[in-house]
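Source file: model-v2.cif (mmCIF, C-alpha atoms and all ligand atoms)
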```
data_run
#
loop_
_atom_site.label_atom_id
_atom_site.label_comp_id
_atom_site.auth_asym_id
_atom_site.auth_seq_id
_atom_site.Cartn_x
_atom_site.Cartn_y
_atom_site.Cartn_z
CA MET A 573 187.48 -113.88 -27.81
CA ALA A 574 184.16 -112.57 -29.06
CA LYS A 575 183.62 -108.92 -28.32
CA ILE A 576 181.07 -106.11 -28.44
CA LEU A 577 181.83 -103.58 -31.17
CA GLY A 578 179.29 -100.86 -30.42
CA ILE A 579 175.65 -99.98 -30.04
CA HIS A 580 173.76 -101.03 -33.14
CA HIS A 581 170.32 -99.74 -32.26
CA ILE A 582 167.99 -98.80 -29.47
CA ALA A 583 164.44 -100.05 -29.78
CA LEU A 584 161.56 -98.05 -28.33
CA VAL A 585 158.16 -99.59 -27.82
CA VAL A 586 155.35 -97.25 -28.88
CA PRO A 587 151.57 -97.63 -29.04
CA GLU A 588 151.47 -96.10 -32.51
CA ILE A 589 154.38 -95.47 -34.87
CA GLU A 590 152.87 -92.54 -36.78
CA GLN A 591 152.21 -90.68 -33.57
CA ALA A 592 155.71 -91.42 -32.22
CA LEU A 593 157.24 -90.18 -35.47
CA GLU A 594 155.84 -86.72 -34.78
CA PHE A 595 158.53 -86.41 -32.12
CA TRP A 596 161.38 -88.60 -33.36
CA ARG A 597 161.23 -87.46 -36.97
CA GLY A 598 159.23 -84.25 -36.79
CA THR A 599 160.87 -82.64 -33.78
CA LEU A 600 164.30 -84.28 -33.57
CA GLY A 601 164.71 -84.75 -37.32
CA LEU A 602 165.72 -88.41 -37.29
CA PRO A 603 165.47 -89.79 -40.82
CA LEU A 604 162.85 -92.45 -41.48
CA GLN A 605 164.16 -95.21 -43.71
CA GLU A 606 161.15 -97.50 -43.73
CA ILE A 607 158.29 -98.97 -41.77
CA ALA A 608 158.00 -102.73 -42.11
CA ASP A 609 155.75 -105.48 -40.82
CA PHE A 610 157.27 -108.37 -38.91
CA PRO A 611 154.41 -110.82 -38.31
CA GLU A 612 156.81 -113.35 -36.73
CA GLN A 613 157.68 -110.71 -34.13
CA ALA A 614 154.04 -109.54 -33.86
CA SER A 615 155.17 -106.01 -34.59
CA ARG A 616 155.60 -103.15 -37.04
CA ILE A 617 158.99 -101.49 -36.90
CA ALA A 618 160.09 -98.05 -38.09
CA PHE A 619 163.82 -97.79 -38.79
CA LEU A 620 165.50 -94.44 -38.22
CA PRO A 621 169.17 -94.90 -39.06
CA LEU A 622 171.73 -92.31 -38.04
CA GLU A 623 175.35 -91.87 -39.02
CA LYS A 624 176.16 -93.93 -35.96
CA GLY A 625 173.55 -96.26 -34.61
CA GLU A 626 169.85 -96.46 -35.23
CA VAL A 627 166.57 -95.91 -33.44
CA GLU A 628 163.78 -98.41 -34.00
CA LEU A 629 160.17 -97.71 -33.10
CA VAL A 630 158.37 -100.95 -32.36
CA GLU A 631 154.58 -101.06 -32.40
CA PRO A 632 152.82 -104.26 -31.32
CA SER A 633 150.58 -105.60 -34.09
CA THR A 634 148.64 -108.07 -31.95
CA PRO A 635 147.20 -107.45 -28.47
CA ASP A 636 148.62 -110.59 -26.81
CA SER A 637 152.27 -110.77 -27.85
CA GLY A 638 155.25 -110.33 -25.56
CA ILE A 639 155.86 -106.85 -26.94
CA ALA A 640 152.20 -105.89 -26.40
CA ARG A 641 152.36 -107.10 -22.80
CA PHE A 642 155.60 -105.17 -22.31
CA LEU A 643 153.87 -101.98 -23.48
CA GLN A 644 150.84 -102.62 -21.27
CA LYS A 645 152.94 -103.31 -18.21
CA ARG A 646 155.68 -100.69 -18.54
CA GLY A 647 154.27 -98.10 -20.93
CA PRO A 648 156.07 -96.57 -23.91
CA GLY A 649 159.82 -96.24 -23.66
CA ILE A 650 163.02 -98.19 -24.15
CA HIS A 651 162.38 -101.81 -25.04
CA HIS A 652 165.90 -103.06 -25.66
CA ILE A 653 169.44 -102.08 -26.49
CA CYS A 654 171.23 -103.88 -29.28
CA PHE A 655 174.98 -104.34 -29.37
CA GLU A 656 176.83 -105.39 -32.47
CA VAL A 657 179.25 -108.25 -31.86
CA ASP A 658 182.03 -109.58 -34.05
CA ASP A 659 181.28 -113.24 -33.37
CA LEU A 660 177.77 -114.11 -32.22
CA ASP A 661 178.37 -117.84 -31.83
CA GLY A 662 181.50 -117.15 -29.80
CA MET A 663 179.58 -114.69 -27.64
CA ILE A 664 176.80 -117.22 -27.01
CA VAL A 665 179.32 -119.84 -25.85
CA LEU A 666 180.91 -117.28 -23.54
CA LEU A 667 177.57 -116.20 -22.06
CA LYS A 668 176.37 -119.77 -21.53
CA GLU A 669 179.66 -120.58 -19.75
CA ARG A 670 178.95 -117.66 -17.45
CA GLY A 671 175.43 -118.87 -16.68
CA ILE A 672 173.71 -116.02 -18.49
CA ARG A 673 170.08 -116.64 -19.43
CA LEU A 674 169.24 -116.19 -23.10
CA LEU A 675 165.71 -115.87 -24.55
CA SER A 676 166.37 -118.58 -27.11
CA ASP A 677 168.85 -121.41 -27.46
CA GLN A 678 169.84 -120.57 -31.00
CA PRO A 679 170.24 -117.20 -32.73
CA MET A 680 167.26 -115.92 -34.69
CA VAL A 681 167.72 -114.93 -38.29
CA GLY A 682 166.08 -111.67 -39.29
CA GLY A 683 165.82 -109.56 -42.43
CA GLY A 684 168.92 -109.56 -44.65
CA GLY A 685 170.30 -112.66 -42.93
CA ARG A 686 171.00 -110.69 -39.79
CA ARG A 687 171.53 -113.00 -36.82
CA MET A 688 170.62 -112.02 -33.30
CA ILE A 689 169.93 -113.35 -29.84
CA PHE A 690 168.48 -111.74 -26.73
CA ILE A 691 169.83 -111.82 -23.18
CA HIS A 692 167.06 -112.15 -20.59
CA PRO A 693 166.64 -108.98 -18.48
CA GLU A 694 167.07 -111.10 -15.34
CA SER A 695 170.65 -111.72 -16.40
CA ALA A 696 171.28 -108.15 -17.56
CA LYS A 697 170.36 -105.96 -14.60
CA GLY A 698 166.81 -105.41 -15.78
CA VAL A 699 167.65 -104.52 -19.38
CA LEU A 700 166.63 -106.56 -22.40
CA VAL A 701 169.82 -106.82 -24.47
CA GLU A 702 170.01 -107.88 -28.09
CA LEU A 703 173.25 -109.10 -29.60
CA TYR A 704 173.55 -108.77 -33.33
CA GLU A 705 176.11 -109.95 -35.83
CA ALA A 706 176.40 -108.26 -39.19
CA ARG A 707 177.25 -110.58 -42.06
CA ALA A 708 180.83 -110.30 -43.17
CA GLY A 709 181.22 -107.51 -45.68
CA ASN A 710 177.59 -106.52 -45.33
CA ASP A 711 175.50 -103.96 -43.47
ZN ZN B 801 166.49 -104.89 -31.85
#
```
Would you encode the structure as structure tokens?
Amino acid sequence: MAKILGIHHIALVVPEIEQALEFWRGTLGLPLQEIADFPEQASRIAFLPLEKGEVELVEPSTPDSGIARFLQKRGPGIHHICFEVDDLDGMIVLLKERGIRLLSDQPMVGGGGRRMIFIHPESAKGVLVELYEARAGND
């Protein structure tokens, strides 16, 4: 049976990455790997990988996207938690069997071929949950 392996990253929504980095990098010393644009997600994302897990700072790049509305409505803070799973397709079958609401029908494919899907907060006690599958032998 598909299972959760650990926390892959925690994504924080911020109004401005550079300003947020003053705390996350400047004060706490988290290492900044890169800042990249993701037009298809209407956001810029800063990746701060740790020995275990990663923090992502997500800045909306358009004023009317889902992430921008999230920031407007709830303010800066935790946007979602991402769990790494060993078998994403197996996990999706399991969740659908249990009546769990997903944000999309099929997994999305991100940078580096990384596959992910989101569980709707309504089905996850108010938390937006991302499930991510690393490619075999990679990442
Ligand atoms: Zn994520």
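Checking A:Ile653, A:Val630, A:Leu600, A:Leu666 one by one against His692 (chain A), counting only C-alpha atoms, you find the shortest gap at A:Ile653.
Protein and nucleic acid residues near (153.7, -95.9, -34.5) are A:Val585, A:Val586, A:Pro587, A:Glu588, A:Ile589, A:Glu590, A:Gln591, A:Ala592, A:Leu593, A:Glu594, A:Ile607, A:Arg616, A:Ile617, A:Ala618, A:Leu629, A:Val630, A:Glu631, A:Pro632, the criterion being any atom at most 10 Å away using only C-alpha atoms.
CA of Gly649 (chain A) is found 24.5 Å from CA of Glu705 (chain A).
The gap separating CA of Lys575 (chain A) from CA of Glu669 (chain A) is 15.0 Å, in Å to one decimal.
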For chain A versus ligand ZN 801 (chain B), which residues have an atom no more than 8 Å away, and what is each residue's nearest atom pair and distance in Å rounded to one decimal, using only C-alpha atoms and all ligand atoms, chain-then-number order, as JSON lines?
```
{"residue": "A:His581", "atom": "CA", "partner": "B:ZN801", "partner_atom": "ZN", "distance": 6.4}
{"residue": "A:Ile582", "atom": "CA", "partner": "B:ZN801", "partner_atom": "ZN", "distance": 6.7}
{"residue": "A:Ala583", "atom": "CA", "partner": "B:ZN801", "partner_atom": "ZN", "distance": 5.6}
{"residue": "A:Glu628", "atom": "CA", "partner": "B:ZN801", "partner_atom": "ZN", "distance": 7.3}
{"residue": "A:His652", "atom": "CA", "partner": "B:ZN801", "partner_atom": "ZN", "distance": 6.5}
{"residue": "A:Ile653", "atom": "CA", "partner": "B:ZN801", "partner_atom": "ZN", "distance": 6.7}
{"residue": "A:Cys654", "atom": "CA", "partner": "B:ZN801", "partner_atom": "ZN", "distance": 5.5}
{"residue": "A:Glu702", "atom": "CA", "partner": "B:ZN801", "partner_atom": "ZN", "distance": 6.0}
```
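Using only C-alpha atoms, the protein and nucleic acid residues lying at most 6 Å from the point (174.5, -111.4, -38.8) are Arg686, Arg687, Glu705, Ala706 and Arg707 of chain A.
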Please write out, as lines of an AutoDock Vina configuration file, where the centre of an axis-aligned box around all listed atoms of region 639-652 of chain A lies and how long its edges are, in Å to one decimal, after adding 4 Å on each side.
```
center_x = 158.4
center_y = -101.7
center_z = -22.6
size_x = 23.1
size_y = 18.9
size_z = 16.7
```
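In this structure, CA of Gln613 (chain A) sits 8.3 Å away from CA of Ser637 (chain A).
Counting all atoms listed in the file, the residue from A:Phe595, A:Pro693, A:Tyr704, A:Gly698 that sits nearest to Asp661 (chain A) is A:Tyr704.
Residues with any atom within 7 Å of Gln605 (chain A), counting all atoms listed in the file and excluding same-chain neighbours fewer than 6 positions away, are A:Phe619, A:Leu620, A:Pro621.
Between Leu643 (chain A) and the residues A:Ile576, A:Leu584, A:Ile691, A:Val657, the shortest atom-to-atom distance, using only C-alpha atoms, involves A:Leu584.
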Check your understanding: Between A:Gly578, A:Gly638, A:Pro679, A:Gly647, which is the closest to Gly662 (chain A) once you count all atoms listed in the file?
Key -> A:Pro679
Point to revise | Who sits within 10 Å of Glu694 (chain A), only C-alpha atoms, same chain under 3 positions skipped, as a ChimeraX atom specification | key: /A:672-674,691,697-700
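Using only C-alpha atoms, the contacts of Ser633 (chain A) at a cut-off of 9 Å, with sequence neighbours closer than 6 positions omitted, comprise A:Asp609, A:Phe610, A:Pro611, A:Gln613, A:Ala614, A:Ser615, A:Arg616, A:Ile639, A:Ala640.
Compared by their closest atoms to Arg597 (chain A), and using only C-alpha atoms, the residues A:Val627, A:Arg646, A:Glu656, A:Leu577 rank with A:Val627 nearest.
Remark: for Leu602 (chain A), the closest of the candidate residues A:Val665, A:Glu626, A:Ile579, A:Ala696 is A:Glu626 (distances computed over all atoms listed in the file).
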